[in-house]
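Q: Sharing a structure, written as structure tokens. Questions coming.
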Amino acid sequence: MIEVKDLVFEYPGKRALNGVSFRIEPGNITALVGPNGAGKTTLLRCMAALEVPLHGEVRIDGENINDDPRACHRKLGYLSDFFGLYDELSIRQCLLHAAASRGILASEQARVVEQAAIRLDIADRLEIKAGALSRGLRQRLAIAQAVVHEPQILMLDEPASGLDPEARHSLAELFLTLRDQGMTLVVSSHILSELDEYSTDMLVLREGRILSHDLIEQPSAKTVNLQLSLSEPCCGLQTLLSGLPGVSAVNGDDSSAIISFSGDVAAQHQLLKSLLGQGLPVCSFAEQQRNMQSAYLESVRHEEQREGVQ
């Protein structure tokens with residue numbers, strides 16, 4: 001578990017973090033989002049024990065990371081938004097160097113290098129020089145270096161920057177694989193659409209403060225919001241919908257409605273079948289998705305409204 005409490009960090013003339021507090025449970029993929037200058041990179045560097053805050057603390061498994069930064073570094077991997085590779089070294093040599101620099105015994109280095117290469121799907125390219133790799137493969141090598149010591153936690157700052165759509169999708173699948181292997185991830189990004197593919201929760205940071213920490217809902221058989229539109233109005237639509245099985249709430253008018261519905265996709269099919277059977281001129285019927293973009297904008301609007309009241 002990662003616990004951040006009352007974190008304050010200042011640069012000359014600027015407070016980058018202002019009383020930041022939150023908890024991240026093991027096995028999560030937490031998206032750290034916010035506009036440029038919000039303090040995302042500073043927060044990650046403090047969490048990785050690469051910066052010392054003015055006030056507050058970061059604890060991993062109950063231990064303050066600044067009491068023993070070296071012990072903290074053995075538990076986590078960190079990849080900055082701008083990283084360098086030794087272009088004249090092969091992938092194998094890069095990983096061996098990373099393993100040695102993290103204090104891994106010489107007798108264990110070959111094993112952890114092989115394991116990291118398998119994890120990142122670059123085991124068939126170990127003898128290729130880093131300078132000959134594509135942008136996506138360079139990113140994989142950099143992540144492999146960050147996890148070569150088999151950490152519990154991986155922190156990445158803008159990992160998809162500069163990648164094409166196919167490479168971004170491949171990276172999303174990789175993060176899910178690492179999570180399934182027992183790793184906890186914290187990923188900073190301003191590209192919200194890519195975070196939807198793999199994040200379990202979202203931390204919204206703005207002007208050095210946490211606006212919200214939201215669970216990202218995953219598809220399930222629990223209550224969903226269904227959006228219904230009719231080609232022509234139907235008098236008493238809300239009353240009609242409210243009486244149907246599985247419907248707990250209805251908002252809308254005689255032409256369209258948002259239905260709170262409990263049931264899986266098969267139950268949704270039966271609901272649509274019932275609506276058509278009653279002669280309703282349905283022109284659209286779909287689940288209303290609450291993605292990271294809408295959740296982020298909702299947090300920002302709530303904060304702006306709160307500031308307006310004060």
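Lettering and numbering for the structure tokens are positional, with chains as A, B, ... in the shown order, residues counted from 1 in each chain, and ligands counted from 1 in the shown order.
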Using only C-alpha atoms, which protein or nucleic acid residues come within 6 Å of Met1 in chain A? Drop anything in the same chain fewer than 6 positions from it, and give the result as a list in words.

A: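 Answer for this query is Ile24, Glu25, Pro26, Ile60 and Asp61 of chain A.
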
Q: Give me, as an mmCIF file with N, CA and C atoms, in the first residue's frame, all polymer residues having an atom no more than 9 Å from Ala146 in chain A, counting only C-alpha atoms and skipping those fewer than 2 positions away in the same chain.

A:
```cif
data_model
loop_
_atom_site.group_PDB
_atom_site.id
_atom_site.type_symbol
_atom_site.label_atom_id
_atom_site.label_comp_id
_atom_site.auth_asym_id
_atom_site.auth_seq_id
_atom_site.Cartn_x
_atom_site.Cartn_y
_atom_site.Cartn_z
ATOM 1 N N LEU A 76 10.476 -0.242 -5.636
ATOM 2 C CA LEU A 76 9.765 0.414 -6.726
ATOM 3 C C LEU A 76 10.662 0.666 -7.927
ATOM 4 N N GLY A 77 9.983 0.802 -9.083
ATOM 5 C CA GLY A 77 10.645 1.215 -10.305
ATOM 6 C C GLY A 77 10.066 2.547 -10.744
ATOM 7 N N TYR A 78 10.898 3.373 -11.362
ATOM 8 C CA TYR A 78 10.461 4.708 -11.773
ATOM 9 C C TYR A 78 10.996 5.003 -13.173
ATOM 10 N N LEU A 79 10.112 5.532 -14.023
ATOM 11 C CA LEU A 79 10.523 5.934 -15.371
ATOM 12 C C LEU A 79 10.051 7.353 -15.604
ATOM 13 N N ALA A 98 21.550 -2.133 -15.809
ATOM 14 C CA ALA A 98 20.494 -1.715 -14.879
ATOM 15 C C ALA A 98 20.446 -2.641 -13.663
ATOM 16 N N LEU A 141 12.106 -1.141 -23.541
ATOM 17 C CA LEU A 141 13.408 -1.358 -22.923
ATOM 18 C C LEU A 141 13.559 -0.505 -21.668
ATOM 19 N N ALA A 142 13.124 0.745 -21.736
ATOM 20 C CA ALA A 142 13.219 1.624 -20.571
ATOM 21 C C ALA A 142 12.393 1.082 -19.408
ATOM 22 N N ILE A 143 11.204 0.559 -19.696
ATOM 23 C CA ILE A 143 10.369 -0.018 -18.635
ATOM 24 C C ILE A 143 11.016 -1.297 -18.101
ATOM 25 N N ALA A 144 11.609 -2.091 -18.999
ATOM 26 C CA ALA A 144 12.304 -3.308 -18.567
ATOM 27 C C ALA A 144 13.439 -2.962 -17.600
ATOM 28 N N VAL A 148 13.668 -4.409 -13.740
ATOM 29 C CA VAL A 148 14.608 -5.528 -13.766
ATOM 30 C C VAL A 148 14.859 -6.083 -12.364
ATOM 31 N N HIS A 149 14.705 -5.256 -11.329
ATOM 32 C CA HIS A 149 14.923 -5.718 -9.947
ATOM 33 C C HIS A 149 13.636 -6.247 -9.320
ATOM 34 N N GLU A 150 12.587 -6.455 -10.161
ATOM 35 C CA GLU A 150 11.325 -7.063 -9.753
ATOM 36 C C GLU A 150 10.672 -6.296 -8.601
ATOM 37 N N PRO A 151 10.345 -5.014 -8.818
ATOM 38 C CA PRO A 151 9.757 -4.198 -7.755
ATOM 39 C C PRO A 151 8.274 -4.503 -7.546
ATOM 40 N N LEU A 154 5.461 0.259 -9.714
ATOM 41 C CA LEU A 154 6.051 0.888 -10.891
ATOM 42 C C LEU A 154 5.381 2.241 -11.096
ATOM 43 N N MET A 155 6.205 3.307 -11.191
ATOM 44 C CA MET A 155 5.707 4.657 -11.427
ATOM 45 C C MET A 155 6.221 5.143 -12.769
#
```

Q: Residues at most 10 Å from Gly252 in chain A, counting only C-alpha atoms, excluding those fewer than 2 positions away in the same chain, as an NGL selection string?

A: :A and (227-229 or 237-238 or 250 or 254-259)

Q: Work out how far apart CA of Lys5 in chain A and CA of Leu205 in chain A are and give it in Å to one decimal.

A: 14.7 Å

Q: Could you pull out the residues in range 6-188 of chain A that DSSP calls strand (DSSP E or B) from the backbone, as number ranges by chain?

A: A: 6-11, 14-24, 29-33, 55-60, 63-64, 76-79, 90, 129, 153-157, 184-188

Q: With C-alpha atoms kept, could you save the residues just selected as a PDB file, in the first residue's frame?

A:
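The result, written out as result.pdb:
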```pdb
ATOM      1  CA  ASP A   6      -0.123  16.238   3.848  1.00  0.00           C
ATOM      2  CA  LEU A   7       2.622  16.470   1.219  1.00  0.00           C
ATOM      3  CA  VAL A   8       3.996  19.964   0.566  1.00  0.00           C
ATOM      4  CA  PHE A   9       6.761  20.739  -1.928  1.00  0.00           C
ATOM      5  CA  GLU A  10       8.086  24.144  -2.972  1.00  0.00           C
ATOM      6  CA  TYR A  11      10.311  25.452  -5.728  1.00  0.00           C
ATOM      7  CA  LYS A  14       6.160  28.408  -6.290  1.00  0.00           C
ATOM      8  CA  ARG A  15       4.339  25.836  -4.168  1.00  0.00           C
ATOM      9  CA  ALA A  16       4.126  22.778  -6.437  1.00  0.00           C
ATOM     10  CA  LEU A  17       2.285  20.507  -3.960  1.00  0.00           C
ATOM     11  CA  ASN A  18      -0.060  21.851  -1.309  1.00  0.00           C
ATOM     12  CA  GLY A  19      -1.251  19.387   1.338  1.00  0.00           C
ATOM     13  CA  VAL A  20      -1.604  16.340  -0.931  1.00  0.00           C
ATOM     14  CA  SER A  21      -3.061  13.217   0.743  1.00  0.00           C
ATOM     15  CA  PHE A  22      -4.323   9.892  -0.673  1.00  0.00           C
ATOM     16  CA  ARG A  23      -3.955   6.108  -0.475  1.00  0.00           C
ATOM     17  CA  ILE A  24      -3.308   3.571  -3.237  1.00  0.00           C
ATOM     18  CA  ILE A  29      -3.350   0.951 -11.747  1.00  0.00           C
ATOM     19  CA  THR A  30      -3.778   4.551 -10.641  1.00  0.00           C
ATOM     20  CA  ALA A  31      -3.996   7.286 -13.272  1.00  0.00           C
ATOM     21  CA  LEU A  32      -2.506  10.602 -12.166  1.00  0.00           C
ATOM     22  CA  VAL A  33      -4.093  13.284 -14.338  1.00  0.00           C
ATOM     23  CA  HIS A  55       6.346  18.831   4.782  1.00  0.00           C
ATOM     24  CA  GLY A  56       4.386  15.586   4.947  1.00  0.00           C
ATOM     25  CA  GLU A  57       5.365  12.029   4.196  1.00  0.00           C
ATOM     26  CA  VAL A  58       5.084   9.119   1.799  1.00  0.00           C
ATOM     27  CA  ARG A  59       4.805   5.613   3.221  1.00  0.00           C
ATOM     28  CA  ILE A  60       5.117   2.287   1.412  1.00  0.00           C
ATOM     29  CA  GLU A  63       7.496   2.736   6.177  1.00  0.00           C
ATOM     30  CA  ASN A  64       8.455   6.359   5.567  1.00  0.00           C
ATOM     31  CA  LEU A  76       9.765   0.414  -6.726  1.00  0.00           C
ATOM     32  CA  GLY A  77      10.645   1.215 -10.305  1.00  0.00           C
ATOM     33  CA  TYR A  78      10.461   4.708 -11.773  1.00  0.00           C
ATOM     34  CA  LEU A  79      10.523   5.934 -15.371  1.00  0.00           C
ATOM     35  CA  SER A  90      22.575  -4.118 -26.809  1.00  0.00           C
ATOM     36  CA  LYS A 129      21.535  -2.255 -30.063  1.00  0.00           C
ATOM     37  CA  ILE A 153       5.462  -0.733  -7.501  1.00  0.00           C
ATOM     38  CA  LEU A 154       6.051   0.888 -10.891  1.00  0.00           C
ATOM     39  CA  MET A 155       5.707   4.657 -11.427  1.00  0.00           C
ATOM     40  CA  LEU A 156       5.672   6.072 -14.946  1.00  0.00           C
ATOM     41  CA  ASP A 157       5.572   9.715 -16.032  1.00  0.00           C
ATOM     42  CA  THR A 184       0.953  -1.822  -8.456  1.00  0.00           C
ATOM     43  CA  LEU A 185       1.232   0.947 -11.061  1.00  0.00           C
ATOM     44  CA  VAL A 186       0.963   4.747 -10.929  1.00  0.00           C
ATOM     45  CA  VAL A 187       0.786   6.310 -14.396  1.00  0.00           C
ATOM     46  CA  SER A 188       0.867  10.036 -15.083  1.00  0.00           C
TER      47      SER A 188
END
```

Q: Return the single residue from A:Thr200, A:Ser189, A:Gln270, A:Thr223 that is closest to Gly34 in chain A, with distances computed using only C-alpha atoms.

A: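 Ranked by minimum distance to Gly34 in chain A, first place goes to A:Ser189.
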
Q: Residues near Gly182 in chain A, anyone? I mean within 8 Å using only C-alpha atoms, not counting same-chain ones fewer than 4 positions away, as a PyMOL selection string.

A: chain A and resi 27+152+178

Q: Determine which residues of range 46-244 of chain A receive a DSSP assignment of helix (DSSP H, G or I), computed from the backbone, and state them as a count of residues only.

A: 79

Q: With distances taken over only C-alpha atoms, which residue among A:Glu194, A:Val147, A:Gly103, A:Asp201 lies nearest Arg168 in chain A?

A: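 Using only C-alpha atoms, Arg168 in chain A sits closest to A:Glu194.
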
Q: Neighbouring residues of range 111-122 of chain A were defined as those with any atom within 12 Å, considering only C-alpha atoms; residues of the same chain fewer than 6 positions away were excluded. Please report them as a PyMOL selection string.

A: chain A and resi 90-100+102-105+128+130+133+136-151+170-181+183

Q: In terms of the shortest atom-to-atom distance over only C-alpha atoms, which of A:Asp68, A:Glu197, A:Glu166, A:Asp264 is closest to Arg135 in chain A?

A: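 Answer, going by the shortest atom-to-atom distance: A:Glu166.
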
Q: Please measure the separation of CA of Pro245 in chain A and CA of Gly279 in chain A, giving the value in Å to one decimal.

A: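 Distance reported for this atom pair: 17.4 Å.
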
Q: I'd like the interatomic distance between CA of Gln109 in chain A and CA of Asp87 in chain A, to a tenth of an Å.

A: 20.6 Å
